[in-house]
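Undergrad: Sharing entry.csv below, CSV, C-alpha atoms:
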```csv
chain,number,residue,atom,x,y,z
P,13,MET,CA,36.0,67.4,7.7
P,14,PRO,CA,35.9,70.9,9.2
P,15,VAL,CA,38.6,72.0,11.6
P,16,PHE,CA,37.2,74.2,14.3
P,17,PRO,CA,39.2,75.6,17.3
P,18,THR,CA,39.1,73.1,20.2
P,19,SER,CA,37.1,75.6,22.3
P,20,LEU,CA,34.4,76.0,19.6
P,21,ASN,CA,34.2,72.2,19.1
P,22,ARG,CA,33.7,71.8,22.9
P,23,TRP,CA,31.1,74.5,23.0
P,24,ILE,CA,29.2,72.9,20.1
P,25,ASP,CA,29.4,69.5,21.8
P,26,ILE,CA,28.1,70.8,25.1
P,27,ILE,CA,25.1,72.7,23.8
P,28,THR,CA,24.0,70.3,21.0
P,29,GLU,CA,21.7,68.3,23.3
P,30,PRO,CA,18.2,67.0,22.5
P,31,GLY,CA,15.6,68.9,24.3
P,32,TRP,CA,17.9,71.9,24.9
P,33,SER,CA,19.0,73.0,21.5
P,34,PHE,CA,17.1,70.7,19.2
P,35,GLY,CA,14.1,68.4,19.3
P,36,PHE,CA,12.9,65.5,17.3
P,37,ASP,CA,9.4,64.5,16.2
P,38,ALA,CA,8.9,61.1,14.6
P,39,GLU,CA,6.6,62.7,11.9
P,40,LYS,CA,8.4,66.0,11.3
P,41,GLY,CA,12.0,65.2,12.0
P,42,TYR,CA,14.5,67.5,13.8
P,43,ARG,CA,13.7,71.0,14.9
P,44,GLY,CA,16.0,73.7,16.2
P,45,LEU,CA,15.0,75.1,19.6
P,46,ILE,CA,17.3,78.1,19.8
P,47,GLU,CA,14.9,80.4,18.0
P,48,GLY,CA,14.8,84.2,17.6
P,49,LYS,CA,18.6,84.6,18.1
P,50,GLN,CA,21.1,86.3,15.8
P,51,THR,CA,24.7,85.5,15.4
P,52,MET,CA,27.8,86.6,13.5
P,53,ALA,CA,30.5,84.1,12.4
P,54,ILE,CA,33.9,85.3,11.2
P,55,HIS,CA,35.6,82.8,9.0
P,56,THR,CA,39.3,83.0,8.2
P,57,SER,CA,41.6,81.0,6.0
P,58,GLY,CA,45.2,81.1,5.1
P,59,VAL,CA,44.7,79.7,1.6
P,60,TYR,CA,41.1,78.9,0.8
P,61,ALA,CA,38.8,81.7,-0.4
P,62,PRO,CA,35.8,81.7,-2.8
P,63,GLY,CA,37.1,81.7,-6.4
P,64,VAL,CA,40.5,80.1,-5.8
P,65,PRO,CA,41.2,76.8,-7.7
P,66,ALA,CA,40.1,73.6,-6.1
P,67,ALA,CA,43.7,72.6,-5.6
P,68,PHE,CA,43.8,75.2,-2.8
P,69,GLY,CA,41.1,73.5,-0.7
P,70,SER,CA,37.5,73.5,-0.1
P,71,ASP,CA,35.3,75.4,2.4
P,72,PHE,CA,34.2,72.8,4.9
P,73,SER,CA,34.2,74.9,8.0
P,74,SER,CA,31.8,77.7,7.2
P,75,THR,CA,29.3,75.5,5.5
P,76,CYS,CA,29.4,73.0,8.3
P,77,PHE,CA,29.0,75.8,10.9
P,78,ALA,CA,26.1,77.4,9.0
P,79,ASP,CA,24.4,74.0,8.8
P,80,TRP,CA,24.9,73.5,12.6
P,81,LEU,CA,23.5,77.0,13.3
P,82,ASN,CA,20.4,76.2,11.2
P,83,PHE,CA,20.1,72.8,12.9
P,84,VAL,CA,19.8,74.3,16.4
P,85,GLY,CA,17.4,77.0,15.1
P,86,ILE,CA,19.6,80.0,14.6
P,87,GLU,CA,18.5,81.3,11.2
P,88,ASP,CA,19.6,84.9,11.5
P,89,ALA,CA,23.3,84.5,10.9
P,90,THR,CA,25.8,86.8,9.3
P,91,HIS,CA,28.9,85.2,7.9
P,92,VAL,CA,32.0,87.4,7.3
P,93,ARG,CA,35.1,86.0,5.6
P,94,PHE,CA,38.6,87.2,6.0
P,95,ALA,CA,40.5,85.1,3.5
P,96,PRO,CA,42.8,84.3,2.0
P,97,THR,CA,45.6,85.6,4.2
P,98,VAL,CA,48.5,83.7,2.4
P,99,LEU,CA,47.5,83.9,-1.3
P,100,ASN,CA,46.8,87.6,-1.0
P,101,GLY,CA,48.8,90.6,-2.2
P,102,ASP,CA,46.7,93.0,-0.1
P,103,VAL,CA,46.0,91.4,3.3
P,104,ASP,CA,45.6,94.7,5.0
P,105,GLY,CA,43.0,95.7,2.4
P,106,THR,CA,41.2,92.4,2.8
P,107,ARG,CA,41.2,92.9,6.6
P,108,LYS,CA,39.8,96.4,6.3
P,109,GLU,CA,37.0,95.1,4.1
P,110,ALA,CA,36.2,92.4,6.6
P,111,GLU,CA,36.3,94.9,9.5
P,112,ALA,CA,33.9,97.2,7.6
P,113,GLU,CA,31.5,94.3,7.0
P,114,ILE,CA,31.7,93.4,10.7
P,115,SER,CA,31.0,97.0,11.7
P,116,GLY,CA,28.0,97.2,9.4
P,117,ALA,CA,26.6,94.0,10.7
P,118,ALA,CA,27.1,95.1,14.3
P,119,VAL,CA,25.1,98.3,13.7
P,120,GLY,CA,22.4,96.1,12.1
P,121,PHE,CA,22.4,93.8,15.1
P,122,ALA,CA,22.1,96.8,17.5
P,123,VAL,CA,19.2,98.3,15.5
P,124,ARG,CA,17.3,95.1,15.6
P,125,LEU,CA,17.9,94.7,19.3
P,126,SER,CA,16.8,98.2,20.0
P,127,GLU,CA,13.6,97.6,18.0
P,128,VAL,CA,12.6,94.8,20.3
P,129,GLY,CA,13.6,96.8,23.4
P,130,THR,CA,16.6,94.6,24.3
P,131,ILE,CA,19.0,97.5,24.2
P,132,GLN,CA,18.7,101.3,24.0
P,133,LEU,CA,20.8,103.1,21.4
P,134,VAL,CA,22.4,106.4,22.4
P,135,ASN,CA,23.6,108.9,19.9
P,136,GLY,CA,27.0,110.3,21.0
```
As structure tokens, what does this structure read like?

TA:
Amino acid sequence: MPVFPTSLNRWIDIITEPGWSFGFDAEKGYRGLIEGKQTMAIHTSGVYAPGVPAAFGSDFSSTCFADWLNFVGIEDATHVRFAPTVLNGDVDGTRKEAEAEISGAAVGFAVRLSEVGTIQLVNG
């Protein structure tokens, strides 16, 4: 079972409401209602990371969160992982890689928002 921070759990519980974030049709099933949105999720872990042996855990949280985003209709999601932080001889290097990925995704988000006229980019 995934372990999310209490505030994230509460937020998910509050907005996951029929008619607001998802709908149901007896013939077509569930449908997410939060469409046309983009999000970035940053996943951290002390021990688990892709490629480590199963004895070090499994990734329940990011897969569950990705499923929830899709359930409510958010299909444009960027997932960045900063892990592991314990089984890692180069935590600073791993953090810098995650920060670079986050910066690149942020620029991509800004470009897409400017394309639809939500924000105006200014070159400094």

Undergrad: Identify, on the basis of all atoms listed in the file, every residue whose closest approach to Asp88 (chain P) does not exceed 12 Å; exclude the query and any residue fewer than 6 positions from it along the same chain; express the result as a PDB file with C-alpha atoms, in the frame of the given file.

TA:
```pdb
ATOM      1  CA  ILE P  46      17.300  78.100  19.800  1.00  0.00           C
ATOM      2  CA  GLU P  47      14.900  80.400  18.000  1.00  0.00           C
ATOM      3  CA  GLY P  48      14.800  84.200  17.600  1.00  0.00           C
ATOM      4  CA  LYS P  49      18.600  84.600  18.100  1.00  0.00           C
ATOM      5  CA  GLN P  50      21.100  86.300  15.800  1.00  0.00           C
ATOM      6  CA  THR P  51      24.700  85.500  15.400  1.00  0.00           C
ATOM      7  CA  MET P  52      27.800  86.600  13.500  1.00  0.00           C
ATOM      8  CA  ALA P  53      30.500  84.100  12.400  1.00  0.00           C
ATOM      9  CA  ALA P  78      26.100  77.400   9.000  1.00  0.00           C
ATOM     10  CA  LEU P  81      23.500  77.000  13.300  1.00  0.00           C
ATOM     11  CA  ASN P  82      20.400  76.200  11.200  1.00  0.00           C
ATOM     12  CA  ALA P 117      26.600  94.000  10.700  1.00  0.00           C
ATOM     13  CA  GLY P 120      22.400  96.100  12.100  1.00  0.00           C
ATOM     14  CA  PHE P 121      22.400  93.800  15.100  1.00  0.00           C
ATOM     15  CA  ARG P 124      17.300  95.100  15.600  1.00  0.00           C
TER      16      ARG P 124
END
```

Undergrad: Show me, as a CSV table (one decimal) with C-alpha atoms, in the coordinates of the input, the residues that have an atom within 8 Å of region 56-61 of chain P when counting only C-alpha atoms, minus same-chain residues fewer than 2 positions from it.

TA:
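Saved result, selection-v7.csv, follows:
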```csv
chain,number,residue,atom,x,y,z
P,54,ILE,CA,33.9,85.3,11.2
P,63,GLY,CA,37.1,81.7,-6.4
P,64,VAL,CA,40.5,80.1,-5.8
P,68,PHE,CA,43.8,75.2,-2.8
P,69,GLY,CA,41.1,73.5,-0.7
P,70,SER,CA,37.5,73.5,-0.1
P,71,ASP,CA,35.3,75.4,2.4
P,93,ARG,CA,35.1,86.0,5.6
P,94,PHE,CA,38.6,87.2,6.0
P,95,ALA,CA,40.5,85.1,3.5
P,96,PRO,CA,42.8,84.3,2.0
P,97,THR,CA,45.6,85.6,4.2
P,98,VAL,CA,48.5,83.7,2.4
P,99,LEU,CA,47.5,83.9,-1.3
```

Undergrad: Using all atoms listed in the file, tabulate the residues of region 42-89 of chain P lying at most 9 Å from any atom of region 14-25 of chain P, each with its closest atom pair and that distance in Å to one decimal, by chain and increasing residue number, as JSON lines.

TA:
```
{"residue": "P:Asp71", "atom": "CA", "partner": "P:Pro14", "partner_atom": "CA", "distance": 8.2}
{"residue": "P:Phe72", "atom": "CA", "partner": "P:Pro14", "partner_atom": "CA", "distance": 5.0}
{"residue": "P:Ser73", "atom": "CA", "partner": "P:Pro14", "partner_atom": "CA", "distance": 4.5}
{"residue": "P:Ser74", "atom": "CA", "partner": "P:Pro14", "partner_atom": "CA", "distance": 8.2}
{"residue": "P:Thr75", "atom": "CA", "partner": "P:Pro14", "partner_atom": "CA", "distance": 8.9}
{"residue": "P:Cys76", "atom": "CA", "partner": "P:Pro14", "partner_atom": "CA", "distance": 6.9}
{"residue": "P:Phe77", "atom": "CA", "partner": "P:Pro14", "partner_atom": "CA", "distance": 8.6}
{"residue": "P:Trp80", "atom": "CA", "partner": "P:Ile24", "partner_atom": "CA", "distance": 8.7}
```

Undergrad: Kindly export the residues of the current selection with C-alpha atoms, as a CSV table (one decimal), keeping the file's coordinate frame.

TA:
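Output saved as part_29.csv:
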```
chain,number,residue,atom,x,y,z
P,71,ASP,CA,35.3,75.4,2.4
P,72,PHE,CA,34.2,72.8,4.9
P,73,SER,CA,34.2,74.9,8.0
P,74,SER,CA,31.8,77.7,7.2
P,75,THR,CA,29.3,75.5,5.5
P,76,CYS,CA,29.4,73.0,8.3
P,77,PHE,CA,29.0,75.8,10.9
P,80,TRP,CA,24.9,73.5,12.6
```

Undergrad: Could you check how far CA of Asn100 (chain P) sits from CA of Pro65 (chain P), in Å to one decimal?

TA: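 Computing the Euclidean distance for CA of Asn100 (chain P) and CA of Pro65 (chain P) yields 13.9 Å.
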
Undergrad: What does the distance between CA of Val92 (chain P) and CA of Ala122 (chain P) come to in Å, to one decimal place?

TA: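 Interatomic distance here is 17.0 Å.
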
Undergrad: Nearest residue to Ile27 (chain P) out of P:Asp79, P:Val84, P:Thr90, P:Glu39, using all atoms listed in the file?

TA: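 Closest to Ile27 (chain P) of all the choices is P:Val84.
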
Undergrad: From the structure just shown, export region 76-90 of chain P with N, CA, C and O atoms as a PDB file, in the first residue's frame.

TA:
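The resulting decode00.pdb:
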```pdb
ATOM      1  N   CYS P  76       0.815   4.082  -8.007  1.00  0.00           N
ATOM      2  CA  CYS P  76      -0.535   4.391  -7.513  1.00  0.00           C
ATOM      3  C   CYS P  76      -0.894   5.840  -7.842  1.00  0.00           C
ATOM      4  O   CYS P  76      -2.015   6.128  -8.267  1.00  0.00           O
ATOM      5  N   PHE P  77       0.057   6.758  -7.647  1.00  0.00           N
ATOM      6  CA  PHE P  77      -0.221   8.164  -7.923  1.00  0.00           C
ATOM      7  C   PHE P  77      -0.470   8.384  -9.412  1.00  0.00           C
ATOM      8  O   PHE P  77      -1.382   9.123  -9.794  1.00  0.00           O
ATOM      9  N   ALA P  78       0.325   7.733 -10.265  1.00  0.00           N
ATOM     10  CA  ALA P  78       0.114   7.842 -11.709  1.00  0.00           C
ATOM     11  C   ALA P  78      -1.261   7.297 -12.097  1.00  0.00           C
ATOM     12  O   ALA P  78      -1.960   7.891 -12.936  1.00  0.00           O
ATOM     13  N   ASP P  79      -1.664   6.185 -11.503  1.00  0.00           N
ATOM     14  CA  ASP P  79      -2.998   5.624 -11.760  1.00  0.00           C
ATOM     15  C   ASP P  79      -4.090   6.596 -11.331  1.00  0.00           C
ATOM     16  O   ASP P  79      -5.080   6.785 -12.027  1.00  0.00           O
ATOM     17  N   TRP P  80      -3.912   7.233 -10.165  1.00  0.00           N
ATOM     18  CA  TRP P  80      -4.914   8.188  -9.689  1.00  0.00           C
ATOM     19  C   TRP P  80      -5.012   9.391 -10.630  1.00  0.00           C
ATOM     20  O   TRP P  80      -6.113   9.828 -10.968  1.00  0.00           O
ATOM     21  N   LEU P  81      -3.856   9.927 -11.049  1.00  0.00           N
ATOM     22  CA  LEU P  81      -3.876  11.057 -11.984  1.00  0.00           C
ATOM     23  C   LEU P  81      -4.656  10.692 -13.244  1.00  0.00           C
ATOM     24  O   LEU P  81      -5.494  11.464 -13.714  1.00  0.00           O
ATOM     25  N   ASN P  82      -4.385   9.521 -13.774  1.00  0.00           N
ATOM     26  CA  ASN P  82      -5.075   9.061 -14.973  1.00  0.00           C
ATOM     27  C   ASN P  82      -6.574   8.877 -14.701  1.00  0.00           C
ATOM     28  O   ASN P  82      -7.418   9.226 -15.529  1.00  0.00           O
ATOM     29  N   PHE P  83      -6.912   8.353 -13.531  1.00  0.00           N
ATOM     30  CA  PHE P  83      -8.312   8.135 -13.159  1.00  0.00           C
ATOM     31  C   PHE P  83      -9.116   9.432 -13.187  1.00  0.00           C
ATOM     32  O   PHE P  83     -10.252   9.460 -13.639  1.00  0.00           O
ATOM     33  N   VAL P  84      -8.508  10.522 -12.694  1.00  0.00           N
ATOM     34  CA  VAL P  84      -9.232  11.800 -12.656  1.00  0.00           C
ATOM     35  C   VAL P  84      -9.083  12.592 -13.952  1.00  0.00           C
ATOM     36  O   VAL P  84      -9.626  13.680 -14.076  1.00  0.00           O
ATOM     37  N   GLY P  85      -8.348  12.048 -14.927  1.00  0.00           N
ATOM     38  CA  GLY P  85      -8.282  12.671 -16.240  1.00  0.00           C
ATOM     39  C   GLY P  85      -7.013  13.432 -16.562  1.00  0.00           C
ATOM     40  O   GLY P  85      -6.904  14.024 -17.629  1.00  0.00           O
ATOM     41  N   ILE P  86      -6.045  13.428 -15.662  1.00  0.00           N
ATOM     42  CA  ILE P  86      -4.793  14.140 -15.915  1.00  0.00           C
ATOM     43  C   ILE P  86      -3.832  13.170 -16.588  1.00  0.00           C
ATOM     44  O   ILE P  86      -3.232  12.312 -15.946  1.00  0.00           O
ATOM     45  N   GLU P  87      -3.715  13.328 -17.903  1.00  0.00           N
ATOM     46  CA  GLU P  87      -2.888  12.399 -18.678  1.00  0.00           C
ATOM     47  C   GLU P  87      -1.521  12.970 -19.007  1.00  0.00           C
ATOM     48  O   GLU P  87      -0.607  12.232 -19.370  1.00  0.00           O
ATOM     49  N   ASP P  88      -1.350  14.287 -18.898  1.00  0.00           N
ATOM     50  CA  ASP P  88      -0.074  14.936 -19.198  1.00  0.00           C
ATOM     51  C   ASP P  88       0.700  15.079 -17.885  1.00  0.00           C
ATOM     52  O   ASP P  88       0.655  16.113 -17.226  1.00  0.00           O
ATOM     53  N   ALA P  89       1.370  14.004 -17.489  1.00  0.00           N
ATOM     54  CA  ALA P  89       2.080  13.993 -16.214  1.00  0.00           C
ATOM     55  C   ALA P  89       3.548  13.667 -16.424  1.00  0.00           C
ATOM     56  O   ALA P  89       3.890  12.734 -17.143  1.00  0.00           O
ATOM     57  N   THR P  90       4.386  14.463 -15.792  1.00  0.00           N
ATOM     58  CA  THR P  90       5.820  14.211 -15.789  1.00  0.00           C
ATOM     59  C   THR P  90       6.183  13.689 -14.408  1.00  0.00           C
ATOM     60  O   THR P  90       5.822  14.297 -13.406  1.00  0.00           O
TER      61      THR P  90
END
```
